[in-house]
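Undergrad: I'm passing along data-v6.csv; it holds CSV, C-alpha atoms and all ligand atoms.
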chain,number,residue,atom,x,y,z
K,1,MET,CA,-10.3,-35.4,-22.9
K,2,THR,CA,-10.8,-32.7,-25.5
K,3,VAL,CA,-10.3,-29.0,-24.9
K,4,GLY,CA,-14.1,-28.5,-24.8
K,5,GLN,CA,-14.6,-31.3,-22.3
K,6,VAL,CA,-11.8,-30.0,-20.1
K,7,LEU,CA,-13.3,-26.5,-20.2
K,8,ASP,CA,-16.8,-27.8,-19.3
K,9,ALA,CA,-15.5,-30.0,-16.4
K,10,SER,CA,-13.3,-27.2,-15.1
K,11,THR,CA,-16.2,-24.8,-15.2
K,12,LYS,CA,-18.4,-27.2,-13.2
K,13,TYR,CA,-15.6,-27.9,-10.7
K,14,LEU,CA,-14.9,-24.2,-10.1
K,15,GLY,CA,-18.6,-23.4,-9.9
K,16,GLY,CA,-19.0,-26.1,-7.3
K,17,LYS,CA,-16.2,-24.5,-5.2
K,18,GLY,CA,-18.0,-21.1,-5.2
K,19,VAL,CA,-15.7,-19.3,-7.7
K,20,PRO,CA,-17.7,-16.3,-8.8
K,21,SER,CA,-16.9,-16.5,-12.6
K,22,PRO,CA,-16.2,-20.2,-13.2
K,23,ARG,CA,-16.3,-20.2,-17.0
K,24,VAL,CA,-14.1,-17.2,-17.6
K,25,ASP,CA,-11.6,-18.5,-15.0
K,26,ALA,CA,-11.6,-21.9,-16.6
K,27,GLU,CA,-10.9,-20.4,-19.9
K,28,HIS,CA,-7.9,-18.4,-18.5
K,29,LEU,CA,-6.5,-21.4,-16.7
K,30,VAL,CA,-6.9,-24.0,-19.5
K,31,ALA,CA,-5.6,-21.4,-22.0
K,32,ARG,CA,-2.5,-20.9,-19.8
K,33,ALA,CA,-2.0,-24.7,-19.4
K,34,LEU,CA,-2.0,-25.1,-23.1
K,35,ASP,CA,-0.1,-21.9,-23.9
K,36,LEU,CA,-3.1,-20.7,-26.1
K,37,SER,CA,-5.2,-17.6,-26.2
K,38,ARG,CA,-8.8,-17.9,-24.9
K,39,LEU,CA,-10.0,-17.6,-28.5
K,40,ASP,CA,-7.7,-20.4,-29.6
K,41,LEU,CA,-9.5,-22.7,-27.1
K,42,TYR,CA,-12.6,-22.5,-29.2
K,43,LEU,CA,-10.7,-22.9,-32.4
K,44,GLN,CA,-9.2,-26.1,-31.0
K,45,HIS,CA,-12.3,-27.2,-29.2
K,46,ASP,CA,-12.2,-30.8,-30.3
K,47,ARG,CA,-8.4,-31.4,-30.0
K,48,ALA,CA,-7.4,-34.0,-27.4
K,49,LEU,CA,-5.1,-32.9,-24.5
K,50,THR,CA,-1.9,-34.9,-23.9
K,51,GLU,CA,-1.4,-36.4,-20.4
K,52,PRO,CA,1.2,-33.7,-19.4
K,53,GLU,CA,-1.1,-30.9,-20.6
K,54,LEU,CA,-4.0,-32.3,-18.6
K,55,ALA,CA,-1.8,-32.5,-15.5
K,56,VAL,CA,-0.9,-28.9,-15.8
K,57,ALA,CA,-4.5,-27.8,-16.4
K,58,ARG,CA,-5.7,-29.9,-13.4
K,59,GLU,CA,-3.2,-28.3,-11.1
K,60,LEU,CA,-4.1,-24.7,-12.1
K,61,VAL,CA,-7.8,-25.5,-11.8
K,62,ARG,CA,-7.3,-27.2,-8.4
K,63,ARG,CA,-5.5,-24.1,-7.1
K,64,ARG,CA,-8.3,-21.8,-8.2
K,65,GLY,CA,-10.8,-24.2,-6.7
K,66,ALA,CA,-9.0,-23.6,-3.4
K,67,ARG,CA,-9.9,-19.9,-3.9
K,68,GLU,CA,-6.4,-18.8,-4.7
K,69,PRO,CA,-6.9,-15.6,-6.7
K,70,LEU,CA,-6.8,-16.0,-10.5
K,71,ALA,CA,-3.9,-13.5,-10.8
K,72,TYR,CA,-1.8,-15.5,-8.4
K,73,VAL,CA,-2.5,-18.9,-10.1
K,74,LEU,CA,-1.6,-17.4,-13.5
K,75,GLY,CA,1.4,-15.6,-12.1
K,76,ASP,CA,0.8,-12.4,-14.1
K,77,TRP,CA,-1.8,-9.8,-14.5
K,78,GLY,CA,-2.6,-6.9,-16.9
K,79,PHE,CA,-2.3,-3.3,-15.5
K,80,ARG,CA,-2.8,-0.5,-18.0
K,81,ARG,CA,-0.3,-1.2,-20.8
K,82,LEU,CA,1.8,-3.6,-18.7
K,83,THR,CA,1.7,-7.3,-17.8
K,84,LEU,CA,3.1,-7.5,-14.2
K,85,LEU,CA,4.2,-10.6,-12.2
K,86,THR,CA,1.7,-11.3,-9.4
K,87,ASP,CA,2.1,-13.6,-6.4
K,88,ARG,CA,1.5,-13.7,-2.7
K,89,ARG,CA,4.2,-11.2,-2.0
K,90,ALA,CA,2.1,-8.2,-3.0
K,91,LEU,CA,-1.5,-7.0,-3.6
K,92,ILE,CA,-2.9,-7.8,-7.1
K,93,PRO,CA,-3.2,-4.4,-9.0
K,94,ARG,CA,-6.9,-3.5,-9.3
K,95,PRO,CA,-8.9,-1.8,-12.0
K,96,GLU,CA,-9.7,1.2,-9.8
K,97,THR,CA,-6.0,1.8,-9.3
K,98,GLU,CA,-5.7,2.3,-13.1
K,99,ILE,CA,-7.9,5.4,-12.5
K,100,VAL,CA,-5.4,6.6,-9.9
K,101,VAL,CA,-2.7,6.4,-12.6
K,102,GLU,CA,-4.9,8.2,-15.1
K,103,ARG,CA,-5.3,11.1,-12.7
K,104,CYS,CA,-1.5,11.2,-12.1
K,105,LEU,CA,-0.8,11.3,-15.8
K,106,THR,CA,-3.3,14.2,-16.3
K,107,LEU,CA,-1.7,16.1,-13.4
K,108,LEU,CA,1.8,15.5,-14.7
K,109,ASP,CA,0.9,16.4,-18.3
K,110,GLY,CA,3.2,19.2,-19.5
K,111,LEU,CA,5.8,18.8,-16.8
K,112,ASP,CA,9.4,18.2,-18.0
K,113,ALA,CA,11.0,15.2,-16.2
K,114,PRO,CA,8.8,15.3,-13.1
K,115,GLU,CA,9.8,13.6,-9.9
K,116,VAL,CA,7.1,11.3,-8.4
K,117,LEU,CA,6.9,9.4,-5.2
K,118,ASP,CA,4.7,6.2,-5.0
K,119,VAL,CA,4.0,5.3,-1.4
K,120,GLY,CA,3.3,1.6,-0.7
K,121,THR,CA,4.2,0.4,-4.2
K,122,GLY,CA,3.4,-3.3,-3.7
K,123,SER,CA,4.0,-5.0,-7.1
K,124,GLY,CA,5.3,-1.6,-8.4
K,125,ALA,CA,2.1,-1.2,-10.5
K,126,ILE,CA,1.5,2.6,-10.0
K,127,ALA,CA,5.1,3.6,-10.3
K,128,LEU,CA,5.8,1.4,-13.4
K,129,ALA,CA,2.6,2.5,-15.2
K,130,ILE,CA,3.4,6.1,-14.6
K,131,ALA,CA,7.0,5.6,-15.8
K,132,ASP,CA,5.7,3.7,-18.8
K,133,GLU,CA,3.1,6.3,-19.9
K,134,SER,CA,4.9,9.5,-18.8
K,135,PRO,CA,8.3,9.0,-20.5
K,136,GLY,CA,10.2,11.8,-18.8
K,137,ALA,CA,9.0,10.9,-15.2
K,138,ARG,CA,11.4,9.7,-12.6
K,139,LEU,CA,9.8,7.5,-9.8
K,140,THR,CA,10.7,6.7,-6.3
K,141,ALA,CA,8.7,3.8,-5.2
K,142,VAL,CA,8.7,2.9,-1.4
K,143,ASP,CA,7.3,0.0,0.6
K,144,VAL,CA,7.8,-1.4,4.1
K,145,SER,CA,7.5,-5.0,2.8
K,146,LYS,CA,10.7,-6.6,1.7
K,147,ASP,CA,8.6,-9.3,-0.1
K,148,ALA,CA,6.7,-6.7,-2.0
K,149,LEU,CA,9.9,-4.9,-3.0
K,150,ALA,CA,11.4,-8.1,-4.3
K,151,LEU,CA,8.4,-8.7,-6.5
K,152,ALA,CA,8.5,-5.0,-7.6
K,153,ALA,CA,12.2,-5.4,-8.5
K,154,GLU,CA,11.2,-8.4,-10.8
K,155,ASN,CA,8.6,-6.2,-12.4
K,156,VAL,CA,11.1,-3.3,-12.9
K,157,GLU,CA,13.4,-5.8,-14.6
K,158,ARG,CA,10.6,-7.3,-16.7
K,159,THR,CA,9.3,-3.9,-17.9
K,160,GLY,CA,12.8,-2.5,-18.6
K,161,LEU,CA,11.9,0.7,-16.8
K,162,GLY,CA,14.7,0.5,-14.2
K,163,GLU,CA,16.5,3.6,-15.3
K,164,ARG,CA,13.6,5.7,-14.1
K,165,VAL,CA,12.2,3.7,-11.2
K,166,GLU,CA,14.0,3.5,-7.9
K,167,LEU,CA,12.7,1.1,-5.2
K,168,VAL,CA,13.3,2.1,-1.6
K,169,GLU,CA,12.5,0.2,1.6
K,170,HIS,CA,10.7,2.7,3.8
K,171,ASP,CA,8.0,2.9,6.5
K,172,LEU,CA,5.5,5.6,5.8
K,173,THR,CA,4.7,6.1,9.5
K,174,THR,CA,8.1,7.6,9.9
K,175,GLY,CA,7.4,10.3,7.3
K,176,LEU,CA,8.1,10.3,3.6
K,177,PRO,CA,11.6,10.1,2.1
K,178,GLY,CA,13.5,12.5,-0.2
K,179,GLY,CA,11.8,15.2,-2.3
K,180,PRO,CA,10.9,17.7,-3.4
K,181,TYR,CA,8.4,15.8,-5.6
K,182,ASP,CA,6.1,17.1,-8.4
K,183,LEU,CA,3.5,14.5,-7.3
K,184,VAL,CA,3.0,12.1,-4.5
K,185,VAL,CA,0.7,9.1,-5.1
K,186,SER,CA,-0.5,6.3,-2.9
K,187,ASN,CA,-2.9,3.4,-2.8
K,188,PRO,CA,-2.4,2.8,1.0
K,189,PRO,CA,-3.8,-0.1,3.0
K,190,TYR,CA,-7.3,1.1,4.0
K,191,VAL,CA,-9.4,-1.9,5.1
K,192,ALA,CA,-10.4,-1.6,8.8
K,193,PRO,CA,-9.5,-4.7,10.9
K,194,GLU,CA,-13.2,-5.3,11.7
K,195,GLU,CA,-14.0,-5.4,8.0
K,196,LEU,CA,-11.6,-8.1,7.2
K,197,ASP,CA,-14.0,-11.0,7.8
K,198,SER,CA,-16.5,-9.5,5.3
K,199,LEU,CA,-13.9,-9.6,2.4
K,200,ASP,CA,-14.0,-12.2,-0.4
K,201,PRO,CA,-12.0,-15.3,0.8
K,202,ALA,CA,-9.7,-14.9,-2.3
K,203,VAL,CA,-8.7,-11.5,-0.9
K,204,ARG,CA,-8.9,-12.1,2.8
K,205,ASP,CA,-7.1,-15.5,2.9
K,206,TRP,CA,-4.5,-14.9,0.1
K,207,GLU,CA,-3.4,-11.3,-0.3
K,208,PRO,CA,-0.8,-9.9,2.2
K,209,ARG,CA,-2.5,-8.6,5.3
K,210,PRO,CA,-0.2,-5.4,5.5
K,211,ALA,CA,-1.3,-4.5,2.0
K,212,LEU,CA,-5.0,-4.7,3.0
K,213,VAL,CA,-5.3,-3.5,6.6
K,214,GLY,CA,-4.1,-0.1,7.5
K,215,CYS,CA,-4.9,2.0,10.5
K,216,GLY,CA,-4.1,5.6,9.8
K,217,ALA,CA,-1.9,5.1,6.7
K,218,THR,CA,-3.9,7.6,4.7
K,219,GLU,CA,-3.8,10.2,7.5
K,220,ALA,CA,0.0,9.7,7.9
K,221,ILE,CA,0.5,10.3,4.2
K,222,VAL,CA,-1.7,13.5,4.3
K,223,ARG,CA,0.4,14.7,7.3
K,224,ALA,CA,3.8,14.0,5.7
K,225,ALA,CA,3.2,14.9,2.0
K,226,PRO,CA,3.4,18.7,2.5
K,227,LEU,CA,7.0,18.2,3.7
K,228,VAL,CA,8.1,16.6,0.5
K,229,LEU,CA,5.9,18.2,-2.2
K,230,ARG,CA,7.0,21.1,-4.3
K,231,ASP,CA,4.8,24.2,-4.1
K,232,ALA,CA,1.4,23.7,-5.8
K,233,ALA,CA,2.2,20.0,-6.4
K,234,PRO,CA,-0.6,17.4,-6.0
K,235,LEU,CA,-1.2,14.4,-3.7
K,236,VAL,CA,-3.3,11.6,-5.3
K,237,LEU,CA,-4.8,8.9,-3.0
K,238,GLU,CA,-6.9,5.8,-3.7
K,239,VAL,CA,-9.5,5.6,-1.0
K,240,ALA,CA,-11.9,2.9,0.3
K,241,ASP,CA,-15.4,2.8,-1.1
K,242,GLY,CA,-17.5,5.2,0.9
K,243,THR,CA,-14.7,7.2,2.4
K,244,ALA,CA,-14.0,9.8,-0.4
K,245,GLU,CA,-15.9,12.5,1.4
K,246,ALA,CA,-14.0,12.0,4.6
K,247,VAL,CA,-10.6,11.9,2.9
K,248,ALA,CA,-11.5,15.0,0.9
K,249,ALA,CA,-12.4,16.8,4.2
K,250,LEU,CA,-9.1,15.6,5.7
K,251,LEU,CA,-7.1,17.1,2.8
K,252,GLY,CA,-9.1,20.3,3.1
K,253,THR,CA,-8.4,20.5,6.8
K,254,ALA,CA,-4.7,19.8,6.3
K,255,GLY,CA,-4.5,22.9,4.0
K,256,PHE,CA,-4.6,21.2,0.5
K,257,THR,CA,-6.5,23.2,-2.2
K,258,GLU,CA,-8.3,22.2,-5.4
K,259,VAL,CA,-9.5,19.1,-3.6
K,260,ALA,CA,-11.3,16.8,-6.0
K,261,ARG,CA,-12.7,13.3,-6.3
K,262,THR,CA,-12.8,10.9,-9.3
K,263,PRO,CA,-15.2,8.0,-9.6
K,264,ASP,CA,-14.3,4.5,-10.7
K,265,LEU,CA,-16.1,2.8,-13.6
K,266,ALA,CA,-19.0,1.9,-11.3
K,267,GLY,CA,-19.5,5.6,-10.4
K,268,ARG,CA,-18.0,5.3,-6.9
K,269,ASP,CA,-15.6,8.0,-5.8
K,270,ARG,CA,-12.3,6.1,-5.3
K,271,VAL,CA,-9.6,8.7,-5.9
K,272,VAL,CA,-9.1,11.9,-4.0
K,273,GLU,CA,-6.5,14.6,-4.8
K,274,GLY,CA,-5.5,18.0,-3.7
K,275,ARG,CA,-2.6,20.5,-4.2
K,276,TRP,CA,-0.2,21.6,-1.5
K,277,THR,CA,0.4,25.3,-1.6
K,278,SER,CA,2.7,26.5,1.2
Q,1,LIG,C1,-3.1,-1.5,-1.0
Q,1,LIG,S1,-1.4,-2.0,-1.3
Q,1,LIG,C2,-1.0,-1.1,-2.8
Q,1,LIG,C3,0.0,-1.8,-3.7
Q,1,LIG,C4,0.1,-1.1,-5.0
Q,1,LIG,N1,0.5,0.2,-4.9
Q,1,LIG,C5,-1.1,-1.2,-5.8
Q,1,LIG,O1,-1.8,-0.2,-5.9
Q,1,LIG,O2,-1.4,-2.3,-6.4
Q,1,LIG,C6,-0.6,-1.1,0.0
Q,1,LIG,C7,0.9,-1.3,0.1
Q,1,LIG,O3,1.4,-0.5,1.2
Q,1,LIG,C8,2.4,-1.2,1.8
Q,1,LIG,N2,2.5,-0.7,3.2
Q,1,LIG,C9,1.7,-1.0,4.3
Q,1,LIG,N3,2.1,-0.4,5.4
Q,1,LIG,C10,3.2,0.4,5.0
Q,1,LIG,C11,4.1,1.3,5.7
Q,1,LIG,N4,3.9,1.5,7.0
Q,1,LIG,N5,5.0,1.9,5.0
Q,1,LIG,C12,5.2,1.7,3.7
Q,1,LIG,N6,4.4,0.9,2.9
Q,1,LIG,C13,3.4,0.2,3.6
Q,1,LIG,C14,2.0,-2.6,1.7
Q,1,LIG,O4,3.1,-3.5,1.9
Q,1,LIG,C15,1.4,-2.7,0.3
Q,1,LIG,O5,2.4,-3.0,-0.6
Please, can you express the file's structure as structure tokens?
Ligand SMILES: C[S@@+](CC[C@H](N)C(=O)[O-])C[C@H]1O[C@@H](n2cnc3c(N)ncnc32)[C@H](O)[C@@H]1O

TA:
Amino acid sequence: MTVGQVLDASTKYLGGKGVPSPRVDAEHLVARALDLSRLDLYLQHDRALTEPELAVARELVRRRGAREPLAYVLGDWGFRRLTLLTDRRALIPRPETEIVVERCLTLLDGLDAPEVLDVGTGSGAIALAIADESPGARLTAVDVSKDALALAAENVERTGLGERVELVEHDLTTGLPGGPYDLVVSNPPYVAPEELDSLDPAVRDWEPRPALVGCGATEAIVRAAPLVLRDAAPLVLEVADGTAEAVAALLGTAGFTEVARTPDLAGRDRVVEGRWTS
């Protein structure tokens, strides 16, 4: 089969399995199997695949057809300027979380060697992106999941940011470790258990349950953050769609000031922040 024929057949197969963007996914998977860019696929449209190449492409497409997330099948995923390893040990970093990082970078601007705590670091995405884009920042990145921390450690190694990112096993329900910090950030688990069934199967059936479902994680962070934040330092939270107003009210009630919300690219408020002034 030629590259073009494999692309067409893969697109049809993935479409038949209910994959939402079958052509784009087929391009990513066939490109990965052939170690080509997606553009190269079209430049080499008529070239025939070897049998081993075809076998690799088939296996990647089969996995995606079983609704395994594209980022897990590929094994890596772009997050801001970094390419991070992704697998079932941790949540796949999302585009809205890039906006969380953007807010943190703005709030850290002008601080010399700020200390930052990332609560529920998963793949390490937020901590690593802040370390990458805020060259003086020192990050403590905590998670309760040993699996997530193992993946984060591989990402620390891969990005070469290990001198400024420390990974710590910690359960946020017992409070927050260390401090004082110049900023605390978290994308906590925020799917309600009763909402789980309504999630896309690629999320519901593949991503780690503790990374998705969280009862009271946001509230626990809001309660604990004042004990570890420096005076006037901010807390930045990613929130579930439709909950920004409630989380902003929670911060206000807890005594945070300058409470603000930031929308994602679709215009939905997904980031809430406030400053702790003792
Ligand atoms: C929504 S994921 C966010 C992962 C990553 N920060 C990101 O934005 O891609 C939430 C993370 O919180 C972690 N987590 C869940 N419960 C926790 C707890 N009690 N203490 C610490 N981390 C927890 C999960 O293991 C998961 O890695």

Undergrad: Which polymer residues have any atom within 9 Å of an atom of Lys12 in chain K, counting all atoms listed in the file, with same-chain residues fewer than 4 positions away left out, as a list of chain:residue names?

TA: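 Everything that qualifies: K:Leu7, K:Asp8, K:Gly16, K:Lys17, K:Pro22, K:Arg23.
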
Undergrad: Using all atoms listed in the file, what table do you get, as a Markdown table, when you list each residue of chain K with an atom no more than 6 Å from ligand LIG 1 (chain Q), its nearest pair of atoms, and their distance in Å rounded to one decimal, rows by chain then rising number?

TA:
| residue | atom | partner | partner_atom | distance |
| --- | --- | --- | --- | --- |
| K:Ala90 | CA | Q:LIG1 | O5 | 5.7 |
| K:Leu91 | CA | Q:LIG1 | C3 | 5.4 |
| K:Ile92 | CA | Q:LIG1 | O2 | 5.7 |
| K:Pro93 | CA | Q:LIG1 | O2 | 3.8 |
| K:Thr97 | CA | Q:LIG1 | O1 | 5.8 |
| K:Gly120 | CA | Q:LIG1 | O3 | 3.4 |
| K:Thr121 | CA | Q:LIG1 | N1 | 3.8 |
| K:Gly122 | CA | Q:LIG1 | O5 | 3.3 |
| K:Ser123 | CA | Q:LIG1 | C4 | 5.9 |
| K:Ala125 | CA | Q:LIG1 | O2 | 5.5 |
| K:Ile126 | CA | Q:LIG1 | N1 | 5.7 |
| K:Asp143 | CA | Q:LIG1 | N6 | 3.8 |
| K:Val144 | CA | Q:LIG1 | C12 | 4.1 |
| K:Ser145 | CA | Q:LIG1 | O4 | 4.7 |
| K:Ala148 | CA | Q:LIG1 | O5 | 5.8 |
| K:His170 | CA | Q:LIG1 | C12 | 5.6 |
| K:Asp171 | CA | Q:LIG1 | N5 | 3.5 |
| K:Leu172 | CA | Q:LIG1 | N5 | 3.8 |
| K:Thr173 | CA | Q:LIG1 | N4 | 5.3 |
| K:Asn187 | CA | Q:LIG1 | O1 | 4.9 |
| K:Pro188 | CA | Q:LIG1 | C6 | 4.4 |
| K:Pro189 | CA | Q:LIG1 | C1 | 4.3 |
| K:Pro210 | CA | Q:LIG1 | C9 | 4.9 |
| K:Ala211 | CA | Q:LIG1 | C15 | 3.7 |
| K:Leu212 | CA | Q:LIG1 | C1 | 5.5 |

Undergrad: Output C-alpha atoms for every residue in that selection, as a short mmCIF file (atom, residue, chain, number, x, y, z; two decimals), in the frame of the given file.

TA:
data_model
loop_
_atom_site.label_atom_id
_atom_site.label_comp_id
_atom_site.auth_asym_id
_atom_site.auth_seq_id
_atom_site.Cartn_x
_atom_site.Cartn_y
_atom_site.Cartn_z
CA ALA K 90 2.10 -8.20 -3.00
CA LEU K 91 -1.50 -7.00 -3.60
CA ILE K 92 -2.90 -7.80 -7.10
CA PRO K 93 -3.20 -4.40 -9.00
CA THR K 97 -6.00 1.80 -9.30
CA GLY K 120 3.30 1.60 -0.70
CA THR K 121 4.20 0.40 -4.20
CA GLY K 122 3.40 -3.30 -3.70
CA SER K 123 4.00 -5.00 -7.10
CA ALA K 125 2.10 -1.20 -10.50
CA ILE K 126 1.50 2.60 -10.00
CA ASP K 143 7.30 0.00 0.60
CA VAL K 144 7.80 -1.40 4.10
CA SER K 145 7.50 -5.00 2.80
CA ALA K 148 6.70 -6.70 -2.00
CA HIS K 170 10.70 2.70 3.80
CA ASP K 171 8.00 2.90 6.50
CA LEU K 172 5.50 5.60 5.80
CA THR K 173 4.70 6.10 9.50
CA ASN K 187 -2.90 3.40 -2.80
CA PRO K 188 -2.40 2.80 1.00
CA PRO K 189 -3.80 -0.10 3.00
CA PRO K 210 -0.20 -5.40 5.50
CA ALA K 211 -1.30 -4.50 2.00
CA LEU K 212 -5.00 -4.70 3.00
#

Undergrad: Excluding range 226-237 of chain K and its own-chain neighbours fewer than 3 positions away, which residues fall within 6 Å of it when counting only C-alpha atoms? Please give them as a PyMOL selection string.

TA: chain K and resi 179-187+271-277

Undergrad: Taking all atoms listed in the file into account, name the residue in K:Arg223, K:Arg268, K:Arg261, K:Arg158 that is nearest to Leu85 in chain K.

TA: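 Among K:Arg223, K:Arg268, K:Arg261, K:Arg158, it is K:Arg158 that comes nearest to Leu85 in chain K.
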
Undergrad: I'd like the neighbourhood of range 76-82 of chain K as a list of chain:residue names, where a residue qualifies if any of its atoms comes within 9 Å (using only C-alpha atoms), though same-chain residues fewer than 4 positions away should be ignored.

TA: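 Counting only the stated atoms, we get K:Leu70, K:Ala71, K:Tyr72, K:Thr86, K:Asp87, K:Ile92, K:Pro93, K:Arg94, K:Pro95, K:Thr97, K:Glu98, K:Val101, K:Ala125, K:Ile126, K:Leu128, K:Ala129, K:Asp132, K:Glu133, K:Thr159.
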
Undergrad: I'd like the interatomic distance between CA of Arg67 in chain K and CA of Ala202 in chain K, to a tenth of an Å.

TA: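 Between CA of Arg67 in chain K and CA of Ala202 in chain K the gap works out to 5.3 Å.
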
Undergrad: Could you work out how far CA of Leu199 in chain K lies from CA of Leu14 in chain K, giving the answer in Å with one decimal?

TA: 19.2 Å

Undergrad: Name the residues in contact with Tyr42 in chain K at a cut-off of 10 Å, using all atoms listed in the file, excluding same-chain residues fewer than 4 positions from it; report them as a list in words.

TA: Val3, Gly4, Leu7, Glu27, Ser37, Arg38, Asp46 and Arg47 of chain K

Undergrad: Tell me which of K:Asp118, K:Val156, K:Ile99, K:Ala26 sits closest to Val239 in chain K, counting only C-alpha atoms.

TA: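 Of K:Asp118, K:Val156, K:Ile99, K:Ala26, the one nearest Val239 in chain K, counting only C-alpha atoms, is K:Ile99.
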
Undergrad: Regenerate range 83-100 of chain K at the level of N, CA and C atoms and dump it as a JSON list (two decimals), in the coordinates of the input.

TA:
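That gives us rebuild.json:
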[["chain", "number", "residue", "atom", "x", "y", "z"],
["K", 83, "THR", "N", 2.06, -5.98, -18.38],
["K", 83, "THR", "CA", 1.70, -7.30, -17.80],
["K", 83, "THR", "C", 2.71, -7.47, -16.64],
["K", 84, "LEU", "N", 2.19, -7.48, -15.39],
["K", 84, "LEU", "CA", 3.10, -7.50, -14.20],
["K", 84, "LEU", "C", 3.03, -8.90, -13.57],
["K", 85, "LEU", "N", 4.16, -9.31, -13.00],
["K", 85, "LEU", "CA", 4.20, -10.60, -12.20],
["K", 85, "LEU", "C", 3.37, -10.37, -10.97],
["K", 86, "THR", "N", 2.59, -11.39, -10.62],
["K", 86, "THR", "CA", 1.70, -11.30, -9.40],
["K", 86, "THR", "C", 1.88, -12.59, -8.62],
["K", 87, "ASP", "N", 2.13, -12.44, -7.33],
["K", 87, "ASP", "CA", 2.10, -13.60, -6.40],
["K", 87, "ASP", "C", 1.84, -13.10, -5.02],
["K", 88, "ARG", "N", 1.92, -14.01, -4.06],
["K", 88, "ARG", "CA", 1.50, -13.70, -2.70],
["K", 88, "ARG", "C", 2.30, -12.62, -2.01],
["K", 89, "ARG", "N", 3.39, -12.21, -2.62],
["K", 89, "ARG", "CA", 4.20, -11.20, -2.00],
["K", 89, "ARG", "C", 3.59, -9.81, -1.99],
["K", 90, "ALA", "N", 2.63, -9.58, -2.90],
["K", 90, "ALA", "CA", 2.10, -8.20, -3.00],
["K", 90, "ALA", "C", 0.61, -8.27, -3.45],
["K", 91, "LEU", "N", -0.08, -7.17, -3.20],
["K", 91, "LEU", "CA", -1.50, -7.00, -3.60],
["K", 91, "LEU", "C", -1.58, -7.14, -5.16],
["K", 92, "ILE", "N", -2.68, -7.71, -5.63],
["K", 92, "ILE", "CA", -2.90, -7.80, -7.10],
["K", 92, "ILE", "C", -3.42, -6.36, -7.52],
["K", 93, "PRO", "N", -2.80, -5.78, -8.54],
["K", 93, "PRO", "CA", -3.20, -4.40, -9.00],
["K", 93, "PRO", "C", -4.71, -4.50, -9.44],
["K", 94, "ARG", "N", -5.49, -3.50, -9.01],
["K", 94, "ARG", "CA", -6.90, -3.50, -9.30],
["K", 94, "ARG", "C", -7.31, -2.48, -10.36],
["K", 95, "PRO", "N", -8.49, -2.69, -10.98],
["K", 95, "PRO", "CA", -8.90, -1.80, -12.00],
["K", 95, "PRO", "C", -9.06, -0.32, -11.52],
["K", 96, "GLU", "N", -9.54, -0.14, -10.27],
["K", 96, "GLU", "CA", -9.70, 1.20, -9.80],
["K", 96, "GLU", "C", -8.37, 1.96, -9.65],
["K", 97, "THR", "N", -7.32, 1.18, -9.46],
["K", 97, "THR", "CA", -6.00, 1.80, -9.30],
["K", 97, "THR", "C", -5.50, 2.30, -10.70],
["K", 98, "GLU", "N", -6.06, 1.75, -11.78],
["K", 98, "GLU", "CA", -5.70, 2.30, -13.10],
["K", 98, "GLU", "C", -6.24, 3.74, -13.21],
["K", 99, "ILE", "N", -7.34, 4.04, -12.50],
["K", 99, "ILE", "CA", -7.90, 5.40, -12.50],
["K", 99, "ILE", "C", -6.97, 6.35, -11.72],
["K", 100, "VAL", "N", -6.35, 5.82, -10.66],
["K", 100, "VAL", "CA", -5.40, 6.60, -9.90],
["K", 100, "VAL", "C", -4.24, 7.02, -10.86]]
